[in-house]
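Enquirer: Take this structure, written in structure tokens, and hold onto it; I'll ask about it next.
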Amino acid sequence: MELVTIAKRNNPFKKLKAKMWRSKYLMLMILPAIVFYIIFNYIPMYGVLMAFKNFKPKLGIWGSPWNGVDNFIRVFEEPKFWDAFRNTLIIGSIKVIIGFLGAVLVALLLNELRMRRTKKTIQTIVTFPHFLSWVVVSGFVFSLFSYYGAINSLTNFMGGGRTNYLTDKYFFFGLIFASDIWKEAGWGSIIYLATMAGIPQDQYEAADIDGATRLQKIWHITLPGIKATAILLLIMSVGGVLSAGFDQILNLGNKLVRDDIAIIDTYIYYHAIVGSDSAGVGTAIGLFKSVIGFTLVIVTDRIAKACGERGII
Amino acid sequence: MRKDRLERLPLRPRRSSRETKIQAIDIIICIILVTYALLILFPFWSAFVISISSEEAYLQNNLLLWPTDLDLSSYKKVFTNDALWGGFGITMILLIGGTLYQLFFTVITGYALSRKNWTGKNLVMNMILVTMFFGGGMVPYYYLIRDLGMMNTIWVMIIPGAIDTFNMLLMRNYFASLPAEMEESAKIDGANDIVVFVKIFLPLSLPMLATIGLFFAVGNWNSWYNAMLFIPDKKELWPLQMVLKNLISKVSSNIENPDAREGYSEGLTMASIFFTIVPMMCFYPFLQRFFVKGIVVGAIKG
């Protein structure tokens, strides 16, 4: 009789049940999250099977016939896809670099500015564009660079005539980077400014006593002080290289330059969602992109760790 | 030598003189930053000038830096434009309903994940973290939304966005940083997890709640992506930004032939831009610190 009670008391299932019962309200709170993540994140992951199928909406994902790697072959044989792939790598990596340099430069300048009031006003102005959508920014681009826009008015006024900038694909590459800097550099600087504010002030005082110039102080104190943050943020941004800014490219582009500035995401949108490519092909491109993106993250993380920095994974 | 320098040290710390004396380099830095700020402001100004000018002035390109005449007809058209007001209504629904909805689910998830080991917590946490590195991609998501019957409904802009992983982790870290003793003593007094959350943790995290709520609000105000992808056929459900996107793509559709224009659509477009950004411009200077706080906390802890 007694042995049975002890066995009951030590029954691991009973313990688990009791523990679960104690945290029943927490489990209730997490339940919606589980449902949402399964529906909106895990079901699409299951949908990746479409990449290996000849997807027919009527038959569903599982019911559609397999076709091996045919979708991938079709994608890789398409020269326009490789154009988009190349554009993605170029645009994505240049954006990471100039975004980083721009943010650090703005942060350094703001950090060195001693006029408090001016500093605050400038900060408010330069961080604001981050909160505009690319739709609005594309409107600004039109107001500046269209045939009758501000820049053309200026060149025309000075006797240079008008140029139809918005039909020129080389111009667009510059525009992509310039508008990205315009929108994000100020906002990106905030995190570096906060890190700079956390650098102990006595280091600067000691440097003052040794007669260091301002440039020396920036080089030997401020920049080493933000190194860890910078590396962390750089690793995090590498994962986004292959995204390269769908919102931006889609909104800035127009039908004349659409193919020239296509990136993987806009390629998927124009070809597999509004276009005539099959869903399987679109999924295959998406899978290709996320596999490469994931590899990039892992590789950068390993490199950072090998160099003795804190990784993210 | 060394002793010499030490003796010549001023009694008052040097920092005070560093702070007061303005050198040439300070002026240069100031000039660079002011130029930068002006470059940020210039597109706003240029769009504004177009929006308050007449078509003749626009075409005669006198709109260099200042308006040559004052013509408010573009704004009149904006305020009588049904599509824009319709979009404004939808955006307000997203702004209020969507933000509260996202806030609710993101915060309760963050709270549950911040509490100490309950059964399955690590499993759920890993399940969520995986989604930050892997996703199905645009096409499977598109078919999912279609199969859920959310195409061309307003729900597609609200329901899927319930939990934003980044903000949820922000909230979780914040809850975890609050002293756990409060929870323990309340539990001894017989409070359950929901009571502890609502009565103790929620009131303590109002600043963080405001920060996250503002990020959601901006996201909803700027929402157009879901409408473009999933509401292509029902223009009356388009939010403001999508209506604006449509206007802009109309004016830029005849770039090959800039003289084949219909009406003064440029003025209308620029005026609509101000219709969508003026509310944000008014609030931003006062709310800036919340946004700054959010990103700083997120980056340091995340």
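Ligands are numbered from 1 in the order shown, residues from 1 within each chain, and chains are lettered A, B, ... in the order they appear in the structure tokens.
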Do you know which residues are at most 10 Å from Gly60 (chain A) counting only C-alpha atoms, after dropping those on the same chain fewer than 4 positions away, and could you put them as a VMD selection string?
Expert: (chain A and resid 47 50 55 to 56 64 to 65) or (chain B and resid 143 147)
Enquirer: Name the residues in contact with region 29-31 of chain A at a cut-off of 7 Å, using only C-alpha atoms, excluding same-chain residues fewer than 4 positions from it; report them as a list in words.
Expert: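 Residues near the query, excluding close chain neighbours: Tyr25 and Val35 of chain A; Ile108, Thr109 and Ala112 of chain B.
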Enquirer: Show which residues sit within 12 Å of region 283-285 of chain B, as a list in words. Count only C-alpha atoms, and ignore same-chain residues fewer than 3 positions away.
Expert: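 Near neighbours after the sequence-gap exclusion: Lys120, Thr121, Ile122, Gln123, Thr124, Ile125, Val126, Thr127, Phe128, Pro129, His130, Phe131 and Leu132 of chain A; Leu214, Phe215, Ala217, Val218, Ile277, Val278, Pro279, Met280, Gln288, Arg289, Phe290, Phe291 and Val292 of chain B.
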Enquirer: Which neighbours of Phe173 (chain A) fall inside 9 Å, counting only C-alpha atoms, when residues of the same chain fewer than 4 positions from it are skipped, and could you give them as a ChimeraX atom specification?
Expert: /A:91,169,177-178,261
Enquirer: Can you tell me, as a ChimeraX atom specification, which residues in region 199-251 of chain B count as helix (DSSP H, G or I) by DSSP?
Expert: /B:199-204,206-221,225-230,235-237,240-251
Enquirer: If we count only C-alpha atoms, what is near Gly97 (chain B) at a cut-off of 10 Å, once residues fewer than 4 positions away on the same chain are taken out, given as a list of chain:residue names?
Expert: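 Once the adjacent positions are removed, what remains is B:Thr91, B:Met92, B:Ile93, B:Tyr101, B:Gln102, B:Leu103, B:Ile158, B:Ala217, B:Asn220.
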Enquirer: Could you write out that same residue set with N, CA and C atoms as a compact mmCIF listing (two decimals), in the first residue's frame?
Expert:
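Wrote it out as selection.txt, contents follow:
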```
# COMPACT_ATOMS: atom_id res chain seq x y z
N THR B 91 -6.42 53.56 -43.27
CA THR B 91 -5.18 53.70 -42.50
C THR B 91 -5.48 53.96 -41.03
N MET B 92 -6.53 54.74 -40.74
CA MET B 92 -6.88 54.98 -39.34
C MET B 92 -7.30 53.68 -38.66
N ILE B 93 -8.04 52.83 -39.39
CA ILE B 93 -8.44 51.54 -38.82
C ILE B 93 -7.19 50.73 -38.50
N TYR B 101 -3.97 45.55 -31.55
CA TYR B 101 -3.94 44.10 -31.76
C TYR B 101 -2.50 43.57 -31.68
N GLN B 102 -1.59 44.24 -32.39
CA GLN B 102 -0.19 43.80 -32.39
C GLN B 102 0.41 43.93 -31.01
N LEU B 103 0.09 45.06 -30.34
CA LEU B 103 0.64 45.32 -29.03
C LEU B 103 0.22 44.22 -28.06
N ILE B 158 -3.99 43.08 -41.17
CA ILE B 158 -3.97 43.11 -39.71
C ILE B 158 -3.55 41.77 -39.11
N ALA B 217 2.73 51.66 -34.68
CA ALA B 217 1.88 52.70 -35.27
C ALA B 217 2.51 53.22 -36.56
N ASN B 220 2.08 50.70 -39.29
CA ASN B 220 0.73 50.66 -39.84
C ASN B 220 0.43 51.89 -40.68
```
Enquirer: At a cut-off of 12 Å, using only C-alpha atoms, what residues contact Gly240 (chain A)? Leave out same-chain residues fewer than 6 positions from it and give the result as a PyMOL selection string.
Expert: (chain A and resi 88-89+91-96+233-234+246+265+289-290+292-297) or (chain B and resi 132-133)
Enquirer: With N, CA and C atoms retained, export the selected residues as a CSV table (one decimal), in the first residue's frame.
Expert:
```
chain,number,residue,atom,x,y,z
A,88,THR,N,21.5,42.0,-57.1
A,88,THR,CA,21.2,41.9,-55.6
A,88,THR,C,22.5,41.9,-54.8
A,89,LEU,N,23.5,41.1,-55.3
A,89,LEU,CA,24.8,41.1,-54.6
A,89,LEU,C,25.5,42.5,-54.6
A,91,ILE,N,24.1,45.6,-55.2
A,91,ILE,CA,23.3,46.6,-54.4
A,91,ILE,C,23.4,46.3,-53.0
A,92,GLY,N,23.2,45.0,-52.6
A,92,GLY,CA,23.1,44.6,-51.2
A,92,GLY,C,24.4,44.9,-50.5
A,93,SER,N,25.6,44.5,-51.1
A,93,SER,CA,26.8,44.7,-50.4
A,93,SER,C,27.3,46.1,-50.3
A,94,ILE,N,27.1,46.9,-51.4
A,94,ILE,CA,27.5,48.3,-51.4
A,94,ILE,C,26.6,49.0,-50.3
A,95,LYS,N,25.3,48.7,-50.3
A,95,LYS,CA,24.5,49.3,-49.3
A,95,LYS,C,25.0,49.0,-47.9
A,96,VAL,N,25.4,47.8,-47.6
A,96,VAL,CA,25.9,47.5,-46.2
A,96,VAL,C,27.1,48.4,-45.9
A,233,LEU,N,26.7,44.9,-35.6
A,233,LEU,CA,25.7,45.4,-36.5
A,233,LEU,C,26.0,45.0,-37.9
A,234,LEU,N,27.3,44.9,-38.2
A,234,LEU,CA,27.7,44.5,-39.6
A,234,LEU,C,27.3,43.0,-39.8
A,246,PHE,N,13.7,45.4,-51.1
A,246,PHE,CA,12.5,45.2,-52.0
A,246,PHE,C,11.7,46.5,-52.1
A,265,ASP,N,14.2,39.7,-55.1
A,265,ASP,CA,12.8,39.8,-54.6
A,265,ASP,C,11.9,40.5,-55.6
A,289,LYS,N,17.5,31.8,-52.5
A,289,LYS,CA,17.9,33.0,-51.8
A,289,LYS,C,18.1,32.7,-50.3
A,290,SER,N,17.1,32.0,-49.7
A,290,SER,CA,17.3,31.9,-48.2
A,290,SER,C,18.4,31.0,-47.8
A,292,ILE,N,21.3,30.7,-49.5
A,292,ILE,CA,22.5,31.5,-49.6
A,292,ILE,C,22.6,32.5,-48.5
A,293,GLY,N,21.5,33.1,-48.2
A,293,GLY,CA,21.5,34.1,-47.1
A,293,GLY,C,21.9,33.5,-45.8
A,294,PHE,N,21.3,32.3,-45.5
A,294,PHE,CA,21.7,31.6,-44.2
A,294,PHE,C,23.1,31.3,-44.2
A,295,THR,N,23.7,30.8,-45.3
A,295,THR,CA,25.1,30.5,-45.4
A,295,THR,C,25.9,31.7,-45.1
A,296,LEU,N,25.5,32.8,-45.7
A,296,LEU,CA,26.3,34.1,-45.5
A,296,LEU,C,26.3,34.4,-44.0
A,297,VAL,N,25.2,34.3,-43.3
A,297,VAL,CA,25.1,34.7,-41.9
A,297,VAL,C,26.1,33.8,-41.1
B,132,MET,N,13.5,33.6,-37.5
B,132,MET,CA,14.3,34.8,-37.8
B,132,MET,C,15.4,34.5,-38.9
B,133,PHE,N,15.7,33.3,-39.0
B,133,PHE,CA,16.8,32.9,-40.0
B,133,PHE,C,16.2,32.3,-41.2
```
Enquirer: Residues of chain B within 6 Å of chain A, counting only C-alpha atoms - could you list those as a list in words?
Expert: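 Selected residues: Pro43, Ala47, Asn61, Leu64, Ile108, Thr109, Ala112, Gly135, Gly136, Gly137, Val139, Pro140, Tyr141, Asp193, Asn222, Lys245 and Val296 of chain B.
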Enquirer: Would you mind reading off the distance between CA of Ser272 (chain B) and CA of Val243 (chain B), one decimal, in Å?
Expert: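 The value is 9.3 Å.
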Enquirer: How many Å lie between CA of Leu240 (chain B) and CA of Leu94 (chain B), rounded to one decimal?
Expert: 10.4 Å
Enquirer: Using only C-alpha atoms, which of B:Thr165, B:Leu100, B:Gly149, B:Ser74 sits nearest Ile128 (chain B)?
Expert: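 Ranked by minimum distance to Ile128 (chain B), first place goes to B:Thr165.
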Enquirer: Between B:Gly98, B:Cys282, B:Gln60, B:Leu41, which is the closest to Ile154 (chain B) once you count only C-alpha atoms?
Expert: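 The shortest atom-to-atom distance to Ile154 (chain B) comes from B:Gly98.
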Enquirer: Between CA of Thr106 (chain B) and CA of Thr211 (chain B), measure the distance and give it in Å to one decimal.
Expert: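 Pair CA of Thr106 (chain B) / CA of Thr211 (chain B) returns 12.8 Å.
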